[in-house]
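Q: My structure is stored as structure-v8.csv, with CSV, C-alpha atoms.
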chain,number,residue,atom,x,y,z
A,1,THR,CA,60.5,-33.9,9.9
A,2,GLY,CA,59.6,-37.3,11.3
A,3,PRO,CA,62.8,-38.3,13.1
A,4,GLN,CA,63.2,-34.8,14.6
A,5,LEU,CA,59.6,-34.7,15.8
A,6,ASN,CA,59.8,-38.2,17.1
A,7,ALA,CA,62.9,-37.4,19.2
A,8,GLN,CA,61.2,-34.2,20.6
A,9,LEU,CA,58.1,-36.1,21.6
A,10,GLU,CA,60.2,-38.9,23.1
A,11,GLY,CA,62.2,-36.3,25.1
A,12,TRP,CA,59.2,-34.6,26.6
A,13,LEU,CA,57.5,-37.9,27.5
A,14,SER,CA,60.6,-39.3,29.1
A,15,GLN,CA,60.6,-36.4,31.6
A,16,VAL,CA,57.1,-37.1,32.9
A,17,GLN,CA,55.6,-39.6,35.4
A,18,SER,CA,52.6,-41.7,34.6
A,19,THR,CA,50.7,-41.2,37.8
A,20,LYS,CA,47.1,-41.3,36.5
A,21,ARG,CA,47.2,-44.4,34.2
A,22,PRO,CA,45.1,-45.5,32.5
A,23,ALA,CA,43.4,-42.2,31.6
A,24,ARG,CA,39.9,-42.5,30.2
A,25,ALA,CA,40.1,-38.9,29.0
A,26,ILE,CA,42.8,-36.2,28.8
A,27,ILE,CA,42.7,-32.4,28.4
A,28,ALA,CA,45.7,-31.1,26.5
A,29,PRO,CA,46.8,-28.0,24.6
A,30,HIS,CA,47.0,-27.5,20.8
A,31,ALA,CA,49.5,-24.8,20.3
A,32,GLY,CA,52.8,-25.2,18.5
A,33,TYR,CA,54.9,-27.9,20.3
A,34,THR,CA,57.7,-25.4,21.0
A,35,TYR,CA,55.2,-23.7,23.3
A,36,CYS,CA,53.2,-26.5,24.8
A,37,GLY,CA,55.0,-29.8,23.9
A,38,SER,CA,56.3,-30.4,27.4
A,39,CYS,CA,53.0,-29.5,29.0
A,40,ALA,CA,51.0,-31.9,26.7
A,41,ALA,CA,53.4,-34.7,27.6
A,42,HIS,CA,51.9,-34.8,31.1
A,43,ALA,CA,48.5,-35.7,29.7
A,44,TYR,CA,49.7,-38.2,27.0
A,45,LYS,CA,51.9,-40.0,29.5
A,46,GLN,CA,48.7,-41.2,31.2
A,47,VAL,CA,47.5,-43.0,28.1
A,48,ASP,CA,47.7,-46.8,28.2
A,49,PRO,CA,48.3,-48.1,24.7
A,50,SER,CA,47.7,-51.7,25.7
A,51,ILE,CA,44.0,-51.1,26.4
A,52,THR,CA,43.1,-48.2,24.2
A,53,ARG,CA,41.4,-49.2,20.9
A,54,ARG,CA,39.5,-46.0,19.9
A,55,ILE,CA,40.6,-42.4,20.4
A,56,PHE,CA,37.9,-39.7,20.2
A,57,ILE,CA,39.6,-36.3,19.6
A,58,LEU,CA,37.3,-33.4,20.4
A,59,GLY,CA,38.6,-30.1,19.2
A,60,PRO,CA,37.1,-26.6,19.0
A,61,SER,CA,36.4,-24.9,15.7
A,62,HIS,CA,38.6,-21.9,15.1
A,63,HIS,CA,37.9,-21.1,11.5
A,64,VAL,CA,34.3,-21.8,10.6
A,65,PRO,CA,31.1,-20.8,12.4
A,66,LEU,CA,29.6,-24.1,13.6
A,67,SER,CA,26.7,-24.5,15.9
A,68,ARG,CA,26.8,-28.3,16.0
A,69,CYS,CA,29.6,-30.8,15.8
A,70,ALA,CA,31.2,-32.0,12.5
A,71,LEU,CA,32.9,-35.2,11.3
A,72,SER,CA,35.7,-35.5,8.9
A,73,SER,CA,35.1,-36.6,5.3
A,74,VAL,CA,38.5,-38.4,4.9
A,75,ASP,CA,39.5,-42.0,6.0
A,76,ILE,CA,43.1,-41.4,7.1
A,77,TYR,CA,45.0,-38.6,8.9
A,78,ARG,CA,48.7,-38.6,8.0
A,79,THR,CA,51.3,-37.8,10.6
A,80,PRO,CA,55.1,-37.6,10.3
A,81,LEU,CA,55.2,-40.8,12.4
A,82,TYR,CA,52.5,-43.0,10.8
A,83,ASP,CA,49.0,-42.8,9.4
A,84,LEU,CA,46.0,-42.8,11.7
A,85,ARG,CA,42.8,-44.5,10.5
A,86,ILE,CA,39.4,-42.9,11.2
A,87,ASP,CA,36.9,-45.3,12.6
A,88,GLN,CA,34.2,-45.5,10.0
A,89,LYS,CA,32.0,-47.8,12.1
A,90,ILE,CA,31.7,-45.2,14.9
A,91,TYR,CA,31.4,-42.4,12.4
A,92,GLY,CA,28.4,-44.3,11.0
A,93,GLU,CA,26.8,-44.5,14.4
A,94,LEU,CA,27.4,-40.8,15.1
A,95,TRP,CA,26.2,-39.9,11.6
A,96,LYS,CA,22.9,-41.8,12.1
A,97,THR,CA,21.9,-39.5,15.0
A,98,GLY,CA,21.4,-36.6,12.7
A,99,MET,CA,23.4,-34.4,15.2
A,100,PHE,CA,26.5,-33.9,13.0
A,101,GLU,CA,27.5,-32.2,9.9
A,102,ARG,CA,30.5,-32.9,7.6
A,103,MET,CA,33.7,-30.8,7.7
A,104,SER,CA,34.7,-29.5,4.3
A,105,LEU,CA,38.2,-30.6,3.3
A,106,GLN,CA,39.3,-27.0,3.6
A,107,THR,CA,38.1,-26.8,7.2
A,108,ASP,CA,39.7,-30.2,7.9
A,109,GLU,CA,43.1,-29.0,6.6
A,110,ASP,CA,42.9,-25.6,8.3
A,111,GLU,CA,41.8,-26.7,11.7
A,112,HIS,CA,44.8,-27.1,14.1
A,113,SER,CA,42.9,-28.0,17.2
A,114,ILE,CA,42.7,-31.6,16.1
A,115,GLU,CA,45.8,-31.8,14.0
A,116,MET,CA,48.1,-30.8,16.8
A,117,HIS,CA,47.1,-33.9,18.7
A,118,LEU,CA,47.8,-36.4,16.0
A,119,PRO,CA,51.6,-36.8,16.4
A,120,TYR,CA,51.3,-37.0,20.1
A,121,THR,CA,48.5,-39.6,19.8
A,122,ALA,CA,50.6,-41.6,17.3
A,123,LYS,CA,53.6,-41.4,19.7
A,124,ALA,CA,51.6,-42.4,22.8
A,125,MET,CA,50.1,-45.4,20.9
A,126,GLU,CA,53.3,-46.4,19.0
A,127,SER,CA,53.6,-49.8,20.6
A,128,HIS,CA,50.1,-50.7,19.4
A,129,LYS,CA,50.0,-48.7,16.2
A,130,ASP,CA,48.0,-51.1,14.1
A,131,GLU,CA,45.4,-51.8,16.8
A,132,PHE,CA,43.5,-48.6,17.2
A,133,THR,CA,41.4,-46.1,15.3
A,134,ILE,CA,40.6,-42.4,15.8
A,135,ILE,CA,37.3,-40.5,15.9
A,136,PRO,CA,38.0,-36.8,15.2
A,137,VAL,CA,35.1,-34.5,16.1
A,138,LEU,CA,35.1,-30.8,15.5
A,139,VAL,CA,33.0,-29.1,18.2
A,140,GLY,CA,31.1,-25.9,17.4
A,141,ALA,CA,30.0,-23.1,19.6
A,142,LEU,CA,27.4,-25.2,21.4
A,143,SER,CA,24.6,-23.9,23.6
A,144,GLU,CA,24.6,-25.4,27.1
A,145,SER,CA,21.6,-27.6,26.1
A,146,LYS,CA,23.6,-28.8,23.1
A,147,GLU,CA,26.6,-29.5,25.2
A,148,GLN,CA,24.3,-31.6,27.4
A,149,GLU,CA,22.9,-33.5,24.4
A,150,PHE,CA,26.4,-34.3,22.9
A,151,GLY,CA,27.6,-35.2,26.4
A,152,LYS,CA,24.8,-37.8,26.7
A,153,LEU,CA,25.6,-39.1,23.3
A,154,PHE,CA,29.3,-39.5,24.0
A,155,SER,CA,28.8,-40.8,27.5
A,156,LYS,CA,28.1,-44.4,26.3
A,157,TYR,CA,31.5,-44.3,24.5
A,158,LEU,CA,33.3,-42.8,27.5
A,159,ALA,CA,31.9,-45.7,29.6
A,160,ASP,CA,34.0,-48.2,27.6
A,161,PRO,CA,37.5,-48.7,29.0
A,162,SER,CA,38.9,-49.3,25.5
A,163,ASN,CA,38.0,-45.8,24.5
A,164,LEU,CA,40.1,-42.7,25.2
A,165,PHE,CA,38.8,-39.1,24.9
A,166,VAL,CA,41.4,-36.4,24.0
A,167,VAL,CA,39.9,-32.9,24.6
A,168,SER,CA,41.8,-30.2,22.9
A,169,SER,CA,42.0,-26.8,24.6
A,170,ASP,CA,44.4,-24.0,25.5
A,171,PHE,CA,43.6,-21.9,28.5
A,172,CYS,CA,43.7,-18.1,28.9
A,173,HIS,CA,44.6,-16.0,25.8
A,174,TRP,CA,45.6,-12.7,27.3
A,175,GLY,CA,46.4,-9.4,25.8
A,176,GLN,CA,45.3,-6.8,23.2
A,177,ARG,CA,45.6,-9.2,20.3
A,178,PHE,CA,43.1,-11.5,22.0
A,179,ARG,CA,40.9,-8.6,23.2
A,180,TYR,CA,41.1,-10.0,26.7
A,181,SER,CA,42.7,-8.1,29.5
A,182,TYR,CA,41.1,-9.2,32.8
A,183,TYR,CA,43.4,-8.3,35.6
A,184,ASP,CA,42.9,-8.8,39.4
A,185,GLU,CA,45.6,-6.6,40.9
A,186,SER,CA,45.3,-8.3,44.3
A,187,GLN,CA,47.1,-11.2,42.7
A,188,GLY,CA,50.3,-9.2,41.9
A,189,GLU,CA,51.8,-9.2,38.4
A,190,ILE,CA,49.5,-9.7,35.5
A,191,TYR,CA,50.8,-13.3,34.8
A,192,ARG,CA,49.9,-14.2,38.4
A,193,SER,CA,46.4,-12.9,37.9
A,194,ILE,CA,46.1,-15.0,34.7
A,195,GLU,CA,47.3,-18.1,36.6
A,196,HIS,CA,44.9,-17.5,39.4
A,197,LEU,CA,42.0,-17.1,36.9
A,198,ASP,CA,43.0,-20.3,35.0
A,199,LYS,CA,43.5,-22.3,38.2
A,200,MET,CA,40.0,-21.2,39.3
A,201,GLY,CA,38.7,-22.7,36.1
A,202,MET,CA,40.8,-25.8,36.4
A,203,SER,CA,39.6,-26.6,39.9
A,204,ILE,CA,36.0,-26.2,38.7
A,205,ILE,CA,36.7,-28.7,35.9
A,206,GLU,CA,38.2,-31.0,38.5
A,207,GLN,CA,34.9,-30.8,40.4
A,208,LEU,CA,33.3,-32.3,37.2
A,209,ASP,CA,30.4,-29.9,37.3
A,210,PRO,CA,29.3,-28.5,33.9
A,211,VAL,CA,27.0,-25.9,35.4
A,212,SER,CA,29.7,-24.4,37.6
A,213,PHE,CA,32.0,-24.3,34.6
A,214,SER,CA,29.4,-22.5,32.5
A,215,ASN,CA,28.9,-20.0,35.3
A,216,TYR,CA,32.6,-19.4,35.6
A,217,LEU,CA,32.9,-18.7,31.9
A,218,LYS,CA,29.9,-16.3,32.1
A,219,LYS,CA,31.4,-14.5,35.0
A,220,TYR,CA,35.0,-14.1,33.9
A,221,HIS,CA,34.8,-14.7,30.1
A,222,ASN,CA,38.1,-16.5,30.3
A,223,THR,CA,39.3,-17.2,26.8
A,224,ILE,CA,39.5,-21.0,27.1
A,225,CYS,CA,39.3,-21.9,23.4
A,226,GLY,CA,38.2,-25.5,24.1
A,227,ARG,CA,35.4,-24.6,26.5
A,228,HIS,CA,32.8,-26.4,24.3
A,229,PRO,CA,34.7,-29.7,24.1
A,230,ILE,CA,35.4,-29.4,27.8
A,231,GLY,CA,31.7,-28.7,28.3
A,232,VAL,CA,30.8,-31.8,26.3
A,233,LEU,CA,33.2,-34.0,28.4
A,234,LEU,CA,31.9,-32.6,31.7
A,235,ASN,CA,28.3,-33.4,30.6
A,236,ALA,CA,29.3,-36.9,29.5
A,237,ILE,CA,30.9,-37.5,32.9
A,238,THR,CA,27.8,-36.2,34.7
A,239,GLU,CA,25.7,-38.6,32.7
A,240,LEU,CA,27.9,-41.6,33.8
A,241,GLN,CA,28.0,-40.4,37.4
A,242,LYS,CA,24.2,-40.7,37.5
A,243,SER,CA,24.6,-44.4,36.8
A,244,GLY,CA,27.0,-44.7,39.7
A,245,MET,CA,30.4,-44.6,37.8
A,246,ASN,CA,33.1,-43.1,40.0
A,247,MET,CA,35.6,-40.8,38.3
A,248,SER,CA,38.1,-38.2,39.1
A,249,PHE,CA,39.9,-35.6,37.1
A,250,SER,CA,43.3,-34.1,38.0
A,251,PHE,CA,45.4,-31.4,36.2
A,252,LEU,CA,49.0,-32.4,36.2
A,253,ASN,CA,50.7,-29.4,34.6
A,254,TYR,CA,50.2,-25.7,33.9
A,255,ALA,CA,52.3,-23.4,31.8
A,256,GLN,CA,52.2,-20.0,30.1
A,257,SER,CA,53.9,-19.1,26.8
A,258,SER,CA,55.4,-16.0,28.5
A,259,GLN,CA,54.9,-14.0,31.7
A,260,CYS,CA,52.8,-10.9,31.1
A,261,ARG,CA,53.9,-7.9,33.1
A,262,SER,CA,52.4,-5.0,31.1
A,263,TRP,CA,49.4,-4.2,29.0
A,264,GLN,CA,51.5,-4.5,25.8
A,265,ASP,CA,52.3,-8.2,26.6
A,266,SER,CA,50.4,-11.2,25.5
A,267,SER,CA,50.4,-14.9,26.5
A,268,VAL,CA,48.6,-18.2,26.1
A,269,SER,CA,48.2,-20.6,29.0
A,270,TYR,CA,48.3,-24.4,28.7
A,271,ALA,CA,47.1,-27.1,31.0
A,272,ALA,CA,47.3,-30.9,30.9
A,273,GLY,CA,45.1,-33.2,32.9
A,274,ALA,CA,43.6,-36.7,33.0
A,275,LEU,CA,40.3,-38.4,33.9
A,276,THR,CA,40.6,-41.7,35.7
A,277,VAL,CA,37.8,-44.2,36.4
A,278,HIS,CA,37.9,-46.0,39.8
Would you give me this structure, written as structure tokens?
A:
Amino acid sequence: TGPQLNAQLEGWLSQVQSTKRPARAIIAPHAGYTYCGSCAAHAYKQVDPSITRRIFILGPSHHVPLSRCALSSVDIYRTPLYDLRIDQKIYGELWKTGMFERMSLQTDEDEHSIEMHLPYTAKAMESHKDEFTIIPVLVGALSESKEQEFGKLFSKYLADPSNLFVVSSDFCHWGQRFRYSYYDESQGEIYRSIEHLDKMGMSIIEQLDPVSFSNYLKKYHNTICGRHPIGVLLNAITELQKSGMNMSFSFLNYAQSSQCRSWQDSSVSYAAGALTVH
């Protein structure tokens, strides 16, 4: 329900510091709020509603095979807090490039990687709720060269201080049900090994190097479901750094849904971070 969700979001946000404001981009998880709500707050707390006018939400596709990126076919996303308007002007600009396809209504309704960010977006922007639009983008299983192309395309939007990028990703999905069981015993318990693996990836993201991130994924196959949206963001950042823009990314929180100690266990990891422009 609206009031209940509102109170929950308020509670999580009130416990967090805004040390990296204003964020130009955030990485935040998209699991159920009971699992990752408090983690996600660390990212959303860095959003400055007084300057943010457009919010690009880049989420991975979980349900449909997609080799490009897709745009929604609706005008409004409803949330229990208030409705969010899709920016048809920006959609028009993206559409004109010929690089996008349309999400079917079914895909749009099924896909939680964007949906889970809508209430938090609404909450973070509440004080300016009639003054911003959203640009939801479903990101397919892109090749490295496609990540580069989309990164270039989005870089001109990332350069604008009135835009915010929300990049939707969980981190390691570990256990038999995820068919992923990497374990480095030198780290101790399984959950420690998972944390070490995730933090290796997180520090590579903080270095803002898309090639190193790709190499890390090829080496460890860490099940970071938003790896393609993250790849697009890293490529957009690289593009802006070429023109002398100075940016830094910091992760602010890391959490696991549970602590794995045996092969029967499973867990999902969450990380929240923010990009600031200096």
Q: Which residues come within 7 Å of range 65-70 of chain A, counting all atoms listed in the file, excluding same-chain residues fewer than 4 positions away, as a list in words?
A: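 What passes the distance filter is Phe100, Glu101, Arg102, Met103, Val137, Leu138, Val139, Gly140, Ala141 and Leu142 of chain A.
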Q: How would you write as a ChimeraX atom specification the residues that get within 9 Å of (44.8, -34.3, 9.4) in the file's frame, counting all atoms listed in the file?
A: /A:74,76-79,84,108-112,114-116,118
Q: Using only C-alpha atoms, which residues of range 120-176 of chain A come within 12 Å of range 180-194 of chain A, and what is the closest atom pair for each, with the distance in Å to one decimal? Give it as a Markdown table, sorted by chain and residue number.
A:
| residue | atom | partner | partner_atom | distance |
| --- | --- | --- | --- | --- |
| A:Phe171 | CA | A:Ile194 | CA | 9.6 |
| A:Cys172 | CA | A:Ile194 | CA | 7.0 |
| A:His173 | CA | A:Tyr180 | CA | 7.0 |
| A:Trp174 | CA | A:Tyr180 | CA | 5.3 |
| A:Gly175 | CA | A:Ser181 | CA | 5.4 |
| A:Gln176 | CA | A:Tyr180 | CA | 6.3 |
Q: Suppose we keep C-alpha atoms; can you now write the selection as a PDB file, in the frame of the given file?
A:
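Once everything was written out, this is part24.pdb:
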ATOM      1  CA  PHE A 171      43.600 -21.900  28.500  1.00  0.00           C
ATOM      2  CA  CYS A 172      43.700 -18.100  28.900  1.00  0.00           C
ATOM      3  CA  HIS A 173      44.600 -16.000  25.800  1.00  0.00           C
ATOM      4  CA  TRP A 174      45.600 -12.700  27.300  1.00  0.00           C
ATOM      5  CA  GLY A 175      46.400  -9.400  25.800  1.00  0.00           C
ATOM      6  CA  GLN A 176      45.300  -6.800  23.200  1.00  0.00           C
TER       7      GLN A 176
END
Q: Counting only C-alpha atoms, what is within 10 Å of Pro49 in chain A, bar same-chain residues fewer than 3 positions away, as a short mmCIF file (atom, residue, chain, number, x, y, z; two decimals) with C-alpha atoms, keeping the file's coordinate frame?
A:
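As a result, out_12.cif now contains:
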data_model
loop_
_atom_site.label_atom_id
_atom_site.label_comp_id
_atom_site.auth_asym_id
_atom_site.auth_seq_id
_atom_site.Cartn_x
_atom_site.Cartn_y
_atom_site.Cartn_z
CA PRO A 22 45.10 -45.50 32.50
CA GLN A 46 48.70 -41.20 31.20
CA THR A 52 43.10 -48.20 24.20
CA ARG A 53 41.40 -49.20 20.90
CA THR A 121 48.50 -39.60 19.80
CA LYS A 123 53.60 -41.40 19.70
CA ALA A 124 51.60 -42.40 22.80
CA MET A 125 50.10 -45.40 20.90
CA GLU A 126 53.30 -46.40 19.00
CA SER A 127 53.60 -49.80 20.60
CA HIS A 128 50.10 -50.70 19.40
CA LYS A 129 50.00 -48.70 16.20
CA GLU A 131 45.40 -51.80 16.80
CA PHE A 132 43.50 -48.60 17.20
CA SER A 162 38.90 -49.30 25.50
CA LEU A 164 40.10 -42.70 25.20
#
Q: In Å, rounded to a single decimal, give me how far CA of Ile57 in chain A is from CA of Trp12 in chain A.
A: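 So the answer is 20.9 Å.
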Q: Within 7 Å of (31.7, -35.7, 26.4) (file coordinates; only C-alpha atoms), which protein or nucleic acid residues are there? I'd like them as a list in words.
A: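 Returned residue set, sorted by chain then number, is Phe150, Gly151, Phe154, Ser155, Val232, Leu233, Leu234, Asn235, Ala236 and Ile237 of chain A.
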Q: Expressed in Å to a single decimal, how great is the separation between CA of Ala255 in chain A and CA of Val268 in chain A?
A: 8.6 Å
Q: Given the choices A:Arg21, A:His63, A:Lys242, A:Lys96, which gets closest to Lys152 in chain A if the distance is worked out from only C-alpha atoms?
A: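 Distance minimum relative to Lys152 in chain A lands on A:Lys242.
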Q: Pick the closest to Val166 in chain A from A:Pro80, A:Gly59, A:Gly92, A:Gly244: which is it, counting all atoms listed in the file?
A: A:Gly59
Q: Hey, can you check how far CA of Ala272 in chain A sits from CA of Ala28 in chain A?
A: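 A separation of 4.7 Å between them.
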Q: Here is a test: counting only C-alpha atoms, which residue of A:Ser143, A:Ser38, A:Ser257, A:Ser250 is nearest to Leu275 in chain A?
A: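 The shortest atom-to-atom distance to Leu275 in chain A comes from A:Ser250.
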Q: Would you please work out which residue, of A:Ala159, A:Ala25, A:Ala31, A:Leu5, is nearest to Ser243 in chain A when using only C-alpha atoms?
A: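 Using only C-alpha atoms, Ser243 in chain A sits closest to A:Ala159.
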